[in-house]
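Peer 1: One file is attached below, my_file-v8.csv, containing CSV, C-alpha atoms.
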chain,number,residue,atom,x,y,z
A,232,MET,CA,56.0,137.0,25.6
A,233,SER,CA,57.7,138.5,28.8
A,234,ASP,CA,55.9,140.3,31.5
A,235,PHE,CA,57.3,143.6,30.4
A,236,GLU,CA,56.2,143.0,26.8
A,237,THR,CA,52.8,142.0,27.9
A,238,VAL,CA,52.3,145.1,30.0
A,239,ALA,CA,53.7,147.3,27.2
A,240,ALA,CA,51.3,145.8,24.7
A,241,THR,CA,48.4,146.4,27.0
A,242,GLU,CA,49.4,150.0,27.6
A,243,ASN,CA,49.9,150.6,23.8
A,244,GLN,CA,46.5,149.2,23.0
A,245,ALA,CA,44.8,151.2,25.7
A,246,ALA,CA,46.5,154.4,24.6
A,247,ARG,CA,45.5,154.0,21.0
A,248,ARG,CA,41.9,153.3,21.9
A,249,GLY,CA,41.5,155.6,24.9
A,250,PRO,CA,39.4,154.7,27.9
A,251,SER,CA,36.2,155.0,26.0
A,252,GLY,CA,37.2,153.3,22.8
A,253,GLU,CA,38.1,156.4,20.8
A,254,PRO,CA,41.6,156.8,19.2
A,255,GLY,CA,44.2,157.9,21.7
A,256,THR,CA,45.9,161.2,21.6
A,257,PRO,CA,49.5,161.6,20.3
A,258,ASN,CA,50.6,162.0,23.9
A,259,GLN,CA,48.9,158.8,25.0
A,260,ILE,CA,50.5,156.9,22.1
A,261,GLY,CA,53.9,158.3,22.9
A,262,ALA,CA,53.6,157.3,26.5
A,263,ALA,CA,52.7,153.8,25.5
A,264,ASN,CA,55.6,153.6,23.1
A,265,LYS,CA,57.9,154.8,25.9
A,266,ALA,CA,56.7,152.1,28.2
A,267,ARG,CA,57.1,149.5,25.5
A,268,SER,CA,60.7,150.5,25.0
A,269,LEU,CA,61.6,150.6,28.7
A,270,ALA,CA,62.6,147.0,28.9
A,271,GLY,CA,64.6,147.2,25.7
A,272,ASP,CA,66.4,150.4,26.8
A,273,ALA,CA,67.1,148.9,30.2
A,274,TRP,CA,68.6,145.8,28.6
A,275,ARG,CA,70.8,147.9,26.3
A,276,ASP,CA,72.1,149.8,29.3
A,277,LEU,CA,72.8,146.6,31.2
A,278,ARG,CA,74.7,145.1,28.3
A,279,ARG,CA,77.0,148.1,28.3
A,280,ASN,CA,77.5,148.1,32.1
A,281,PRO,CA,80.6,146.1,33.2
A,282,ILE,CA,79.4,146.1,36.8
A,283,PHE,CA,76.3,144.2,35.8
A,284,TRP,CA,78.4,141.5,34.1
A,285,ILE,CA,80.9,141.3,36.9
A,286,SER,CA,78.2,141.0,39.6
A,287,LEU,CA,76.2,138.5,37.5
A,288,ALA,CA,79.3,136.3,36.9
A,289,LEU,CA,80.0,136.3,40.7
A,290,VAL,CA,76.4,135.4,41.4
A,291,VAL,CA,76.5,132.5,38.9
A,292,VAL,CA,79.8,131.2,40.4
A,293,PHE,CA,78.5,131.3,44.0
A,294,THR,CA,75.2,129.7,42.9
A,295,LEU,CA,77.1,126.8,41.2
A,296,MET,CA,79.3,126.6,44.3
A,297,ALA,CA,76.2,126.1,46.4
A,298,LEU,CA,74.5,123.6,44.1
A,299,VAL,CA,77.5,121.6,43.0
A,300,PRO,CA,80.4,122.2,45.5
A,301,GLY,CA,82.3,119.2,44.1
A,302,LEU,CA,83.1,121.3,41.0
A,303,PHE,CA,85.3,123.6,43.1
A,304,THR,CA,86.9,121.3,45.6
A,305,ALA,CA,87.5,117.5,45.8
A,306,ASN,CA,88.1,117.6,49.6
A,307,SER,CA,85.5,117.1,52.2
A,308,PRO,CA,84.9,119.8,54.7
A,309,ASN,CA,84.4,117.2,57.4
A,310,ASP,CA,87.7,115.4,56.7
A,311,CYS,CA,89.6,116.8,59.8
A,312,LEU,CA,92.8,115.7,61.5
A,313,LEU,CA,94.3,117.4,64.5
A,314,SER,CA,97.7,116.5,63.2
A,315,ARG,CA,97.1,119.0,60.4
A,316,GLN,CA,96.2,121.8,62.7
A,317,HIS,CA,97.1,125.2,61.1
A,318,ALA,CA,99.1,123.4,58.5
A,319,GLY,CA,100.0,125.2,55.3
A,320,PRO,CA,98.7,124.4,51.8
A,321,SER,CA,99.0,120.7,50.9
A,322,GLY,CA,96.9,117.9,49.4
A,323,GLY,CA,94.5,120.1,47.5
A,324,ALA,CA,94.0,122.4,50.5
A,325,ILE,CA,95.1,125.6,48.7
A,326,PHE,CA,94.6,127.8,51.8
A,327,GLY,CA,95.8,125.3,54.4
A,328,TYR,CA,93.9,123.9,57.4
A,329,ASP,CA,92.1,125.4,60.4
A,330,PHE,CA,92.6,124.7,64.1
A,331,GLN,CA,90.7,121.4,63.8
A,332,GLY,CA,92.7,120.3,60.7
A,333,CYS,CA,89.9,120.9,58.3
A,334,ASP,CA,90.4,122.2,54.8
A,335,THR,CA,89.8,125.9,55.0
A,336,TYR,CA,88.9,126.3,51.4
A,337,ALA,CA,86.6,123.3,51.3
A,338,ARG,CA,84.7,124.6,54.3
A,339,ALA,CA,84.3,128.0,52.6
A,340,VAL,CA,83.0,126.3,49.5
A,341,TYR,CA,80.4,124.1,51.3
A,342,GLY,CA,79.4,127.1,53.5
A,343,THR,CA,78.0,128.8,50.4
A,344,ARG,CA,75.1,126.4,50.4
A,345,ALA,CA,73.6,127.3,53.8
A,346,SER,CA,74.2,131.0,53.2
A,347,LEU,CA,72.5,131.2,49.8
A,348,LEU,CA,69.7,128.9,51.0
A,349,VAL,CA,68.9,131.1,53.9
A,350,GLY,CA,69.2,134.3,51.8
A,351,ALA,CA,67.1,133.0,48.9
A,352,LEU,CA,64.3,131.6,51.0
A,353,SER,CA,64.2,134.6,53.3
A,354,THR,CA,64.0,136.8,50.2
A,355,LEU,CA,61.2,134.6,48.8
A,356,GLY,CA,59.2,134.9,52.0
A,357,THR,CA,59.9,138.6,52.2
A,358,GLY,CA,58.7,139.1,48.6
A,359,LEU,CA,55.5,137.2,49.2
A,360,ILE,CA,54.6,139.3,52.3
A,361,ALA,CA,55.6,142.5,50.5
A,362,LEU,CA,53.5,141.7,47.4
A,363,VAL,CA,50.4,140.9,49.4
A,364,VAL,CA,50.7,143.9,51.8
A,365,GLY,CA,51.8,146.4,49.1
A,366,MET,CA,49.2,145.3,46.6
A,367,LEU,CA,46.3,145.5,49.1
A,368,ALA,CA,47.5,148.9,50.5
A,369,GLY,CA,48.1,150.5,47.2
A,370,TYR,CA,45.1,149.2,45.3
A,371,PHE,CA,42.3,149.6,47.9
A,372,GLY,CA,43.7,152.7,49.6
A,373,ARG,CA,41.6,154.5,52.3
A,374,TRP,CA,41.4,152.7,55.6
A,375,VAL,CA,43.1,149.5,54.2
A,376,ASP,CA,46.1,151.6,53.2
A,377,ALA,CA,46.0,153.5,56.5
A,378,VAL,CA,46.1,150.3,58.6
A,379,LEU,CA,48.7,148.5,56.5
A,380,SER,CA,50.9,151.5,56.3
A,381,ARG,CA,50.9,151.8,60.1
A,382,VAL,CA,51.8,148.1,60.3
A,383,ILE,CA,54.7,148.7,57.9
A,384,ASP,CA,55.9,151.7,60.1
A,385,VAL,CA,55.8,149.6,63.2
A,386,VAL,CA,57.8,146.7,61.8
A,387,LEU,CA,60.2,149.1,60.1
A,388,GLY,CA,60.9,150.7,63.4
A,389,ILE,CA,62.1,147.3,64.9
A,390,PRO,CA,65.9,146.8,64.4
A,391,LEU,CA,66.3,143.6,62.4
A,392,LEU,CA,69.4,142.2,64.0
A,393,LEU,CA,68.3,143.0,67.5
A,394,ALA,CA,64.8,141.5,67.0
A,395,ALA,CA,66.3,138.5,65.3
A,396,ILE,CA,68.7,137.9,68.3
A,397,VAL,CA,65.8,138.1,70.7
A,398,LEU,CA,63.5,135.8,68.7
A,399,LEU,CA,66.2,133.2,67.9
A,400,LYS,CA,67.2,133.1,71.6
A,401,ARG,CA,63.8,131.5,72.1
A,402,VAL,CA,64.6,128.6,69.7
A,403,SER,CA,65.9,125.7,71.8
A,404,SER,CA,66.0,123.1,69.1
A,405,ASP,CA,69.5,122.0,67.8
A,406,SER,CA,68.0,120.3,64.7
A,407,VAL,CA,69.7,121.5,61.5
A,408,ASN,CA,66.4,121.9,59.7
A,409,ALA,CA,64.7,123.6,62.6
A,410,ARG,CA,67.6,126.2,63.0
A,411,ILE,CA,67.6,127.0,59.3
A,412,ALA,CA,63.8,127.3,59.2
A,413,ALA,CA,63.9,129.6,62.3
A,414,VAL,CA,66.5,131.9,60.8
A,415,ILE,CA,64.6,132.1,57.5
A,416,PHE,CA,61.3,132.8,59.3
A,417,VAL,CA,62.7,135.5,61.5
A,418,LEU,CA,64.5,137.3,58.6
A,419,ALA,CA,61.4,137.1,56.4
A,420,ILE,CA,58.9,138.5,59.0
A,421,LEU,CA,61.3,141.4,59.9
A,422,GLY,CA,62.7,142.3,56.5
A,423,TRP,CA,59.7,142.8,54.2
A,424,THR,CA,58.8,146.4,54.9
A,425,THR,CA,61.0,148.2,52.4
A,426,ALA,CA,59.8,146.0,49.5
A,427,ALA,CA,56.2,146.5,50.6
A,428,ARG,CA,56.6,150.2,50.4
A,429,VAL,CA,58.1,149.9,46.9
A,430,VAL,CA,55.2,147.7,45.8
A,431,ARG,CA,52.6,150.0,47.3
A,432,SER,CA,54.1,153.0,45.4
A,433,SER,CA,54.2,151.0,42.2
A,434,VAL,CA,50.6,149.9,42.6
A,435,ILE,CA,49.3,153.4,43.3
A,436,THR,CA,51.0,154.6,40.1
A,437,ALA,CA,49.8,151.6,38.0
A,438,LYS,CA,46.2,151.7,39.0
A,439,GLU,CA,45.8,155.2,37.5
A,440,GLN,CA,46.9,154.0,34.1
A,441,ASP,CA,44.6,153.9,31.1
A,442,TYR,CA,44.8,150.1,30.6
A,443,VAL,CA,43.5,149.6,34.2
A,444,ALA,CA,40.6,152.0,33.4
A,445,ALA,CA,39.9,150.1,30.2
A,446,ALA,CA,39.9,146.8,32.1
A,447,ARG,CA,37.4,148.2,34.6
A,448,MET,CA,35.1,149.4,31.8
A,449,LEU,CA,35.2,145.9,30.3
A,450,GLY,CA,33.9,144.5,33.5
A,451,ALA,CA,37.1,143.0,35.0
A,452,GLY,CA,36.9,142.5,38.8
A,453,ASN,CA,39.4,143.6,41.4
A,454,GLY,CA,41.1,140.3,41.5
A,455,ARG,CA,41.7,140.1,37.7
A,456,ILE,CA,42.9,143.7,37.5
A,457,MET,CA,45.4,143.2,40.4
A,458,TRP,CA,46.7,139.8,39.1
A,459,ARG,CA,46.7,140.4,35.3
A,460,HIS,CA,47.3,144.1,34.9
A,461,ILE,CA,48.8,145.7,38.1
A,462,LEU,CA,51.0,142.9,39.4
A,463,PRO,CA,53.2,142.6,36.3
A,464,ASN,CA,53.8,146.3,36.3
A,465,SER,CA,54.8,146.3,40.0
A,466,LEU,CA,57.2,143.3,39.9
A,467,ALA,CA,60.3,145.1,38.3
A,468,PRO,CA,60.9,147.6,41.2
A,469,ALA,CA,60.2,144.9,43.8
A,470,ILE,CA,62.7,142.5,42.2
A,471,VAL,CA,65.4,145.2,42.3
A,472,VAL,CA,64.8,145.8,46.0
A,473,LEU,CA,64.7,142.1,46.8
A,474,THR,CA,67.9,141.4,44.9
A,475,ILE,CA,69.7,143.9,47.1
A,476,ALA,CA,67.9,142.5,50.2
A,477,LEU,CA,69.2,139.0,49.4
A,478,GLY,CA,72.7,140.2,49.9
A,479,SER,CA,71.6,141.8,53.2
A,480,PHE,CA,70.0,138.6,54.4
A,481,ILE,CA,73.2,136.6,53.7
A,482,ALA,CA,75.1,139.1,55.8
A,483,ALA,CA,72.5,139.0,58.5
A,484,GLU,CA,72.6,135.2,58.7
A,485,ALA,CA,76.4,135.3,58.9
A,486,THR,CA,76.2,137.8,61.7
A,487,LEU,CA,73.7,135.7,63.7
A,488,SER,CA,75.8,132.6,63.2
A,489,PHE,CA,78.9,134.6,64.2
A,490,LEU,CA,77.1,135.5,67.5
A,491,GLY,CA,76.2,131.8,68.0
A,492,ILE,CA,72.5,132.1,67.7
A,493,GLY,CA,72.0,131.4,64.0
A,494,LEU,CA,73.1,128.3,62.2
A,495,LYS,CA,75.0,125.7,64.3
A,496,ALA,CA,77.2,122.7,63.7
A,497,PRO,CA,77.0,120.3,61.9
A,498,THR,CA,75.7,123.0,59.4
A,499,ILE,CA,78.7,124.7,57.8
A,500,SER,CA,78.3,128.5,57.9
A,501,TRP,CA,80.6,131.3,57.0
A,502,GLY,CA,79.6,133.1,60.2
A,503,GLN,CA,80.7,130.2,62.4
A,504,ASP,CA,84.0,129.9,60.5
A,505,ILE,CA,84.7,133.6,60.9
A,506,ASP,CA,84.0,133.4,64.6
A,507,THR,CA,86.4,130.4,64.9
A,508,GLY,CA,89.0,132.0,62.8
A,509,ARG,CA,88.9,135.1,64.9
A,510,ILE,CA,89.6,133.1,68.0
A,511,HIS,CA,92.6,131.4,66.5
A,512,MET,CA,93.8,134.4,64.3
A,513,ARG,CA,97.2,134.5,66.0
A,514,GLU,CA,98.0,131.0,65.0
A,515,ALA,CA,96.8,131.3,61.4
A,516,ALA,CA,95.1,134.1,59.5
A,517,THR,CA,93.7,132.2,56.5
A,518,PRO,CA,90.8,130.5,58.4
A,519,LEU,CA,89.5,134.0,59.1
A,520,ILE,CA,90.3,135.6,55.8
A,521,VAL,CA,88.9,133.0,53.4
A,522,PRO,CA,85.3,132.8,54.7
A,523,SER,CA,85.3,136.6,55.2
A,524,ALA,CA,86.3,137.0,51.6
A,525,PHE,CA,83.6,134.6,50.4
A,526,LEU,CA,81.0,136.4,52.4
A,527,ALA,CA,82.1,139.9,51.3
A,528,LEU,CA,82.2,138.9,47.6
A,529,THR,CA,78.7,137.3,47.8
A,530,VAL,CA,77.0,140.2,49.5
A,531,LEU,CA,78.8,142.7,47.2
A,532,ALA,CA,77.8,140.7,44.1
A,533,PHE,CA,74.0,140.8,44.9
A,534,ILE,CA,74.1,144.4,46.0
A,535,MET,CA,75.9,145.5,42.8
A,536,LEU,CA,73.6,143.4,40.7
A,537,GLY,CA,70.5,145.0,42.3
A,538,ASP,CA,72.0,148.5,41.9
A,539,ALA,CA,72.8,147.9,38.2
A,540,ILE,CA,69.2,146.7,37.5
A,541,ARG,CA,67.8,149.6,39.4
A,542,ASP,CA,69.8,152.1,37.5
A,543,ALA,CA,68.8,150.6,34.2
A,544,PHE,CA,65.1,150.7,35.0
A,545,ASP,CA,65.0,154.1,36.7
A,546,PRO,CA,63.7,156.7,34.2
A,547,LYS,CA,65.1,159.5,36.3
A,548,LEU,CA,68.7,158.3,35.6
A,549,ARG,CA,68.2,158.4,31.8
Could the structure of this file be written out as structure tokens, please?
Peer 2:
Amino acid sequence: MSDFETVAATENQAARRGPSGEPGTPNQIGAANKARSLAGDAWRDLRRNPIFWISLALVVVFTLMALVPGLFTANSPNDCLLSRQHAGPSGGAIFGYDFQGCDTYARAVYGTRASLLVGALSTLGTGLIALVVGMLAGYFGRWVDAVLSRVIDVVLGIPLLLAAIVLLKRVSSDSVNARIAAVIFVLAILGWTTAARVVRSSVITAKEQDYVAAARMLGAGNGRIMWRHILPNSLAPAIVVLTIALGSFIAAEATLSFLGIGLKAPTISWGQDIDTGRIHMREAATPLIVPSAFLALTVLAFIMLGDAIRDAFDPKLR
């Protein structure tokens, strides 16, 4: 049984019994049935939404490109010959070669891995921080909410890219893993505030529901209520926000790499290739256009996917 079905079944049972065990009113039963059908209605809306399928297809393609780049190109991104500098398409290089004689398309394909890795792990870290902070602030309220809300406001007031530039300037290591970890860490600790606010709002709404009151009457502790009853009901809006944030993190990583303070060689990054292509744009345009197109399509795919899911699950848009 899925999380939505579990939550819906709990709501339905609580509505029929009522907080004190008596049969629920028709309004309560109707509300439970509405909650139970939310996931089904959302899925029906998504199936009829072409934007959802287009964005999902793009996400699947780029994910496969990151996991198995050999499916999309047989050339190595590190097979570079200066004699092929700015040469046109040949030998499987469908977009020609860059100023170092590297296959432009192969570098764009292999650059997907670093961008999606940074975006996915940054989103995971952001989600964990947002869930913890949002759950604590929304569930306990009072001074806990006041303190954590002020922390959210402070972090939210810090410009993400500016703070990332300042922090990454302090990273002196040129190790590939160290640079990737530093970029992920910086994006995660600076980008969790919006998701935390969404989780907090969802928790505040969920903790007033009948099934939470019924769980308290049955002797469930705060930990069990938060984990078993409130968390599943707060995940959907958080996942929507984090899906959109993933695209933003990919764009942020490319921007930092473009500025020379994010990922560095030998890691292949779209931001690095865009910077290099910009410098040599007069000699050949494709080394700039190809990684820029890959970046734009990836970011757009995740943002469109998040928007489609948000519209499907937002009752106000029905």
Peer 1: Counting all atoms listed in the file, what is within 8 Å of segment 276-287 of chain A, bar same-chain residues fewer than 5 positions away, as a ChimeraX atom specification?
Peer 2: /A:531-533,535-536,539-540,543
Peer 1: Emit the selected residues as a short mmCIF file (atom, residue, chain, number, x, y, z; two decimals), keeping the file's coordinate frame, including C-alpha atoms.
Peer 2:
data_model
loop_
_atom_site.label_atom_id
_atom_site.label_comp_id
_atom_site.auth_asym_id
_atom_site.auth_seq_id
_atom_site.Cartn_x
_atom_site.Cartn_y
_atom_site.Cartn_z
CA LEU A 531 78.80 142.70 47.20
CA ALA A 532 77.80 140.70 44.10
CA PHE A 533 74.00 140.80 44.90
CA MET A 535 75.90 145.50 42.80
CA LEU A 536 73.60 143.40 40.70
CA ALA A 539 72.80 147.90 38.20
CA ILE A 540 69.20 146.70 37.50
CA ALA A 543 68.80 150.60 34.20
#
Peer 1: What is the distance, in Å and to one decimal place, between atom CA of Gly454 of chain A and atom CA of Val363 of chain A?
Peer 2: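 Pair atom CA of Gly454 of chain A / atom CA of Val363 of chain A returns 12.2 Å.
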Peer 1: So, with only C-alpha atoms as the atoms that count, which of A:Ser321, A:Thr343, A:Ser432, A:Gln316 lies closest to Gly372 of chain A?
Peer 2: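 Among the listed residues, A:Ser432 lies closest to Gly372 of chain A.
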Peer 1: Can you list, as an MDAnalysis selection string, every protein, DNA or RNA residue that comes within 8 Å of Pro522 of chain A when you count only C-alpha atoms, leaving out same-chain residues fewer than 4 positions away?
Peer 2: chainID A and resid 339 501:502 504:505 518 526
Peer 1: Atom CA of Thr498 of chain A and atom CA of Leu347 of chain A, how far apart in Å?
Peer 2: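 Answer for the atom CA of Leu347 of chain A to atom CA of Thr498 of chain A separation: 13.0 Å.
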Peer 1: Just how far from atom CA of Tyr370 of chain A is atom CA of Ala451 of chain A, in Å to one decimal?
Peer 2: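 It comes out at 14.4 Å.
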Peer 1: Rank nothing, just name the residue among A:Ala419, A:Asp329, A:Leu362, A:Met512 nearest to Pro463 of chain A, using only C-alpha atoms.
Peer 2: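 Closest candidate: A:Leu362.
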Peer 1: Please provide as an NGL selection string all residues within 8 Å of Gly508 of chain A, with the sequence filter that same-chain residues fewer than 6 positions apart are discarded (counting only C-alpha atoms).
Peer 2: :A and (329 or 515-520)
Peer 1: How would the residues just chosen look if you wrote them out with C-alpha atoms as a tab-separated table (two decimals), in the coordinates of the input?
Peer 2:
chain	number	residue	atom	x	y	z
A	329	ASP	CA	92.10	125.40	60.40
A	515	ALA	CA	96.80	131.30	61.40
A	516	ALA	CA	95.10	134.10	59.50
A	517	THR	CA	93.70	132.20	56.50
A	518	PRO	CA	90.80	130.50	58.40
A	519	LEU	CA	89.50	134.00	59.10
A	520	ILE	CA	90.30	135.60	55.80
Peer 1: Find, counting only C-alpha atoms, the residue in A:Phe293, A:Phe544, A:Phe525, A:Tyr328 that gets nearest to Ser307 of chain A.
Peer 2: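 Residue with the minimum atom-to-atom distance to Ser307 of chain A: A:Tyr328.
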Peer 1: List the spatial neighbours of Gly323 of chain A as a PDB file with C-alpha atoms, in the coordinates of the input - criterion: any atom at most 10 Å away, all atoms listed in the file, same-chain residues fewer than 3 positions off excluded.
Peer 2:
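The result, written out as selection-v6.pdb:
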ATOM      1  CA  THR A 304      86.900 121.300  45.600  1.00  0.00           C
ATOM      2  CA  ALA A 305      87.500 117.500  45.800  1.00  0.00           C
ATOM      3  CA  ASN A 306      88.100 117.600  49.600  1.00  0.00           C
ATOM      4  CA  PRO A 320      98.700 124.400  51.800  1.00  0.00           C
ATOM      5  CA  PHE A 326      94.600 127.800  51.800  1.00  0.00           C
ATOM      6  CA  GLY A 327      95.800 125.300  54.400  1.00  0.00           C
ATOM      7  CA  ASP A 334      90.400 122.200  54.800  1.00  0.00           C
ATOM      8  CA  TYR A 336      88.900 126.300  51.400  1.00  0.00           C
ATOM      9  CA  ALA A 337      86.600 123.300  51.300  1.00  0.00           C
TER      10      ALA A 337
END
